[in-house]
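Following: one structure in structure tokens, then a few remarks.
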Amino acid sequence: MRQLLKTTMIIAAVTLGIAAAIAPARAVVEIDINRGVVEPLPIAITEFLSGNGVGAEISSIVEADLKRSGLFAPIGKDAFIEKISNPDAAPRFEDWKVINAQALVTGRVSQEADGRLRAEFRLWDVFGGQQLIGEQFFAQPANKRRIAHIIADTIYERLTGEKGYFDTRIVFVDESGPKTDRKKRLAIMDQDGADVRFLTDGRSIALTPRFSPSRQEITYMSYESGQPQVYLLQIETGQRELVGNFPGMTFAPRFSPDGQKVIFSLLRDDGNSNIFTMDLRSRNTTRLTNSNAIDTSPSYSPNSSQIVFTSDRGGQPQIYVMGADGSGQNRISFGGGSYSTPVWSPRGDLIAFTKQTGGEFQIGVMRTDGSGERILTSGFLQEGPTWAPNGRVIMFFRQKAGAGGPTLHSIDLTGRNEQAIPTPNFASDPAWSPLLNGG
């Protein structure tokens, strides 16, 4: 049983066996995503059988998710030779070999007596002649998109060995109106840009939303009192609470990996900012840096033992790492230009960052000791990287020269697969949720 948010739905995953005789496997199809260059895997995704079009809708979302990852190359349905009429039976593998499909997905969607949808799918290794996985999921019809994302995650994990990232959401700042009177409100959507809804009404500016790693909760800044204040917002209930009133300007709050603390920087009247943490239960605040510089943009490592942040104590903004208690502050970036918004990967192996140099902004990654710096994308104005929960994809926002406002984009660690993320208005400051089903 996979239990998701009790306020949204419960999905049961049941493994499907198959009675049909399967030829002995010669090789198991898989994708080695640790290679430098990965050729997309040709995959055939058939239209899931159903009587009302829901099956076609779900299978098209599965196909779009896998294609957008850059690791899969769905084959056009007009090339299919076999028409699947019974997804429980083994397919005619020779028909799929002819069109060079290395993997095949079949399925059906039906409705239970209680109104729930039952979505079944099977993943086949065409050249190995065997079923790799088969599962069925139950959910309310309103959650059909989530069923599709979970199926795509299951296929992604089976073929790559890594967790997927499709059953996730993005919280971001929706920007609308003229530049002189820009409305900035919080919004949330599926990772593919669907199902947008607004979390704040736009009467006051909302900035820097960040997801809790353990709950469907975000922290963000609001100017509704005239000064920036940090709030916690429960996404499902809309319940909101003020984290605290701090003297000076508060910037870039983020959660600790266990969701029990927030870490942020405070700007004092003397122009310096330092990094603090607050325990969300006791509301006790601890100061971690005490420099005559601007220390900002802190982010925890996934095991909570270290914190990465930006400081200009060396003359220009560079990236530093310190212990979770503020000890051992150590500079790790030494490249030309100014670094900002460092974010630790959920895998713990990389740090994403924004870099300004040569009149342009770059999104890049480096190892946690500062070595191996790689620039993934460059442009007129782009910043604010946020990691997918599997640590393989980064989302950020970009504004082109002369454009009216920013837009959201994603890029994988190869730097070769960049995708525009559709939003109803201009959009900035994305933050990626953890997997909604808990992985």
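Identifiers in this document derive from the order of the structure tokens: chains are assigned A, B, ..., residues are numbered from 1 separately in each chain, and ligands are numbered from 1 in order of occurrence.
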Fill in: Selection: 8 Å around Glu82 (chain A), only C-alpha atoms, excl. self and same-chain fewer than 4 positions, as a VMD selection string
chain A and resid 91 to 92 95 to 96
Quick one: residues within 9 Å of region 258-274 of chain A, only C-alpha atoms, excluding same-chain residues fewer than 3 positions away - as a PDB file with N, CA and C atoms, in the first residue's frame?
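Output contents, as saved in result07.pdb:
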ATOM      1  N   SER A 212       8.679  22.339   2.729  1.00  0.00           N
ATOM      2  CA  SER A 212       9.153  21.465   3.796  1.00  0.00           C
ATOM      3  C   SER A 212       9.491  20.110   3.199  1.00  0.00           C
ATOM      4  N   PRO A 213      10.582  19.473   3.647  1.00  0.00           N
ATOM      5  CA  PRO A 213      10.924  18.146   3.133  1.00  0.00           C
ATOM      6  C   PRO A 213      10.078  17.038   3.735  1.00  0.00           C
ATOM      7  N   SER A 214       9.302  17.349   4.777  1.00  0.00           N
ATOM      8  CA  SER A 214       8.576  16.297   5.483  1.00  0.00           C
ATOM      9  C   SER A 214       7.066  16.489   5.508  1.00  0.00           C
ATOM     10  N   ARG A 215       6.578  17.657   5.145  1.00  0.00           N
ATOM     11  CA  ARG A 215       5.139  17.920   5.177  1.00  0.00           C
ATOM     12  C   ARG A 215       4.753  18.775   3.969  1.00  0.00           C
ATOM     13  N   THR A 219       7.394  27.621   3.611  1.00  0.00           N
ATOM     14  CA  THR A 219       7.757  28.864   4.275  1.00  0.00           C
ATOM     15  C   THR A 219       7.969  29.906   3.187  1.00  0.00           C
ATOM     16  N   PHE A 246      11.277  39.660  13.549  1.00  0.00           N
ATOM     17  CA  PHE A 246      12.706  39.849  13.700  1.00  0.00           C
ATOM     18  C   PHE A 246      13.061  41.293  13.375  1.00  0.00           C
ATOM     19  N   PRO A 247      13.987  41.857  14.113  1.00  0.00           N
ATOM     20  CA  PRO A 247      14.444  43.206  13.765  1.00  0.00           C
ATOM     21  C   PRO A 247      15.244  43.165  12.471  1.00  0.00           C
ATOM     22  N   GLY A 248      15.031  44.129  11.606  1.00  0.00           N
ATOM     23  CA  GLY A 248      15.753  44.175  10.342  1.00  0.00           C
ATOM     24  C   GLY A 248      15.049  43.356   9.271  1.00  0.00           C
ATOM     25  N   MET A 249      15.724  43.181   8.166  1.00  0.00           N
ATOM     26  CA  MET A 249      15.170  42.488   7.007  1.00  0.00           C
ATOM     27  C   MET A 249      15.464  41.001   7.079  1.00  0.00           C
ATOM     28  N   THR A 250      14.468  40.160   6.777  1.00  0.00           N
ATOM     29  CA  THR A 250      14.611  38.715   6.808  1.00  0.00           C
ATOM     30  C   THR A 250      14.653  38.182   5.383  1.00  0.00           C
ATOM     31  N   PHE A 251      15.604  37.281   5.106  1.00  0.00           N
ATOM     32  CA  PHE A 251      15.767  36.803   3.741  1.00  0.00           C
ATOM     33  C   PHE A 251      15.840  35.282   3.677  1.00  0.00           C
ATOM     34  N   ALA A 252      15.314  34.761   2.574  1.00  0.00           N
ATOM     35  CA  ALA A 252      15.577  33.391   2.106  1.00  0.00           C
ATOM     36  C   ALA A 252      15.413  32.311   3.168  1.00  0.00           C
ATOM     37  N   PRO A 253      14.249  32.207   3.815  1.00  0.00           N
ATOM     38  CA  PRO A 253      14.063  31.118   4.777  1.00  0.00           C
ATOM     39  C   PRO A 253      13.978  29.760   4.088  1.00  0.00           C
ATOM     40  N   ARG A 254      14.630  28.758   4.665  1.00  0.00           N
ATOM     41  CA  ARG A 254      14.546  27.381   4.177  1.00  0.00           C
ATOM     42  C   ARG A 254      14.386  26.432   5.352  1.00  0.00           C
ATOM     43  N   PHE A 255      13.783  25.293   5.096  1.00  0.00           N
ATOM     44  CA  PHE A 255      13.625  24.269   6.122  1.00  0.00           C
ATOM     45  C   PHE A 255      14.896  23.451   6.287  1.00  0.00           C
ATOM     46  N   THR A 277      19.173  30.187  12.749  1.00  0.00           N
ATOM     47  CA  THR A 277      18.187  29.107  12.660  1.00  0.00           C
ATOM     48  C   THR A 277      17.141  29.323  13.743  1.00  0.00           C
ATOM     49  N   MET A 278      15.940  28.806  13.476  1.00  0.00           N
ATOM     50  CA  MET A 278      14.883  28.847  14.483  1.00  0.00           C
ATOM     51  C   MET A 278      14.228  27.477  14.588  1.00  0.00           C
ATOM     52  N   ASP A 279      14.107  26.979  15.806  1.00  0.00           N
ATOM     53  CA  ASP A 279      13.364  25.759  16.069  1.00  0.00           C
ATOM     54  C   ASP A 279      11.876  26.085  15.987  1.00  0.00           C
ATOM     55  N   LEU A 280      11.148  25.403  15.130  1.00  0.00           N
ATOM     56  CA  LEU A 280       9.757  25.755  14.894  1.00  0.00           C
ATOM     57  C   LEU A 280       8.838  25.380  16.051  1.00  0.00           C
ATOM     58  N   ARG A 281       9.282  24.486  16.917  1.00  0.00           N
ATOM     59  CA  ARG A 281       8.450  24.135  18.066  1.00  0.00           C
ATOM     60  C   ARG A 281       8.679  25.082  19.230  1.00  0.00           C
ATOM     61  N   ARG A 283      10.531  27.928  19.054  1.00  0.00           N
ATOM     62  CA  ARG A 283      10.768  29.279  18.550  1.00  0.00           C
ATOM     63  C   ARG A 283      12.095  29.863  19.051  1.00  0.00           C
ATOM     64  N   ARG A 287      22.137  31.973  16.442  1.00  0.00           N
ATOM     65  CA  ARG A 287      22.942  32.669  15.446  1.00  0.00           C
ATOM     66  C   ARG A 287      24.115  31.795  15.048  1.00  0.00           C
ATOM     67  N   LEU A 288      24.347  31.656  13.724  1.00  0.00           N
ATOM     68  CA  LEU A 288      25.403  30.776  13.236  1.00  0.00           C
ATOM     69  C   LEU A 288      26.609  31.518  12.685  1.00  0.00           C
ATOM     70  N   THR A 289      26.439  32.710  12.146  1.00  0.00           N
ATOM     71  CA  THR A 289      27.584  33.484  11.652  1.00  0.00           C
ATOM     72  C   THR A 289      27.595  34.838  12.335  1.00  0.00           C
ATOM     73  N   ASN A 290      28.789  35.402  12.419  1.00  0.00           N
ATOM     74  CA  ASN A 290      28.942  36.695  13.085  1.00  0.00           C
ATOM     75  C   ASN A 290      30.080  37.450  12.390  1.00  0.00           C
ATOM     76  N   SER A 291      29.804  37.859  11.150  1.00  0.00           N
ATOM     77  CA  SER A 291      30.835  38.504  10.357  1.00  0.00           C
ATOM     78  C   SER A 291      30.424  39.931  10.015  1.00  0.00           C
ATOM     79  N   ASN A 292      31.392  40.737   9.621  1.00  0.00           N
ATOM     80  CA  ASN A 292      31.124  42.101   9.181  1.00  0.00           C
ATOM     81  C   ASN A 292      30.931  42.116   7.667  1.00  0.00           C
ATOM     82  N   ALA A 293      30.123  41.181   7.197  1.00  0.00           N
ATOM     83  CA  ALA A 293      29.900  41.014   5.764  1.00  0.00           C
ATOM     84  C   ALA A 293      28.441  40.644   5.555  1.00  0.00           C
ATOM     85  N   ILE A 294      28.107  40.303   4.340  1.00  0.00           N
ATOM     86  CA  ILE A 294      26.754  39.852   4.024  1.00  0.00           C
ATOM     87  C   ILE A 294      26.789  38.336   3.848  1.00  0.00           C
ATOM     88  N   ASP A 295      26.284  37.633   4.854  1.00  0.00           N
ATOM     89  CA  ASP A 295      26.143  36.182   4.795  1.00  0.00           C
ATOM     90  C   ASP A 295      24.670  35.884   4.531  1.00  0.00           C
ATOM     91  N   THR A 296      24.371  35.146   3.478  1.00  0.00           N
ATOM     92  CA  THR A 296      22.971  34.942   3.112  1.00  0.00           C
ATOM     93  C   THR A 296      22.788  33.638   2.352  1.00  0.00           C
ATOM     94  N   SER A 297      21.556  33.336   1.986  1.00  0.00           N
ATOM     95  CA  SER A 297      21.171  32.175   1.162  1.00  0.00           C
ATOM     96  C   SER A 297      21.661  30.849   1.741  1.00  0.00           C
ATOM     97  N   PRO A 298      21.373  30.556   3.007  1.00  0.00           N
ATOM     98  CA  PRO A 298      21.817  29.276   3.572  1.00  0.00           C
ATOM     99  C   PRO A 298      20.958  28.108   3.100  1.00  0.00           C
ATOM    100  N   SER A 299      21.570  26.939   3.002  1.00  0.00           N
ATOM    101  CA  SER A 299      20.869  25.712   2.617  1.00  0.00           C
ATOM    102  C   SER A 299      21.548  24.533   3.288  1.00  0.00           C
ATOM    103  N   TYR A 300      20.768  23.661   3.940  1.00  0.00           N
ATOM    104  CA  TYR A 300      21.304  22.494   4.635  1.00  0.00           C
ATOM    105  C   TYR A 300      21.716  21.390   3.657  1.00  0.00           C
ATOM    106  N   PRO A 302      21.621  17.345   2.958  1.00  0.00           N
ATOM    107  CA  PRO A 302      20.493  16.446   3.252  1.00  0.00           C
ATOM    108  C   PRO A 302      20.613  15.682   4.560  1.00  0.00           C
ATOM    109  N   ASN A 303      21.834  15.509   5.090  1.00  0.00           N
ATOM    110  CA  ASN A 303      21.975  14.838   6.392  1.00  0.00           C
ATOM    111  C   ASN A 303      22.052  15.824   7.552  1.00  0.00           C
ATOM    112  N   SER A 304      21.824  17.103   7.278  1.00  0.00           N
ATOM    113  CA  SER A 304      21.767  18.169   8.288  1.00  0.00           C
ATOM    114  C   SER A 304      23.099  18.498   8.937  1.00  0.00           C
TER     115      SER A 304
END
Discussion item. Just to confirm, what's the straight-line distance from CA of Phe93 (chain A) to CA of Phe166 (chain A) in Å (one decimal)?
Written reply: 28.3 Å
Item to complete: Could you tell me which of A:Phe353, A:Tyr339, A:Tyr231, A:Phe309 comes closest to Met366 (chain A) if we count only C-alpha atoms?
Response: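 So, comparing all the options, the nearest one is A:Phe353.
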Worksheet item: Pick from A:Asp125, A:Glu241, A:Asp153, A:Asp174: nearest to Gln229 (chain A), with only C-alpha atoms counted?
Response: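 Looking at the shortest contact to Gln229 (chain A), the residue is A:Glu241.
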Fill in: Between CA of Phe172 (chain A) and CA of Ile188 (chain A) - distance in Å to one decimal
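CA of Phe172 (chain A) lies 6.3 Å from CA of Ile188 (chain A).
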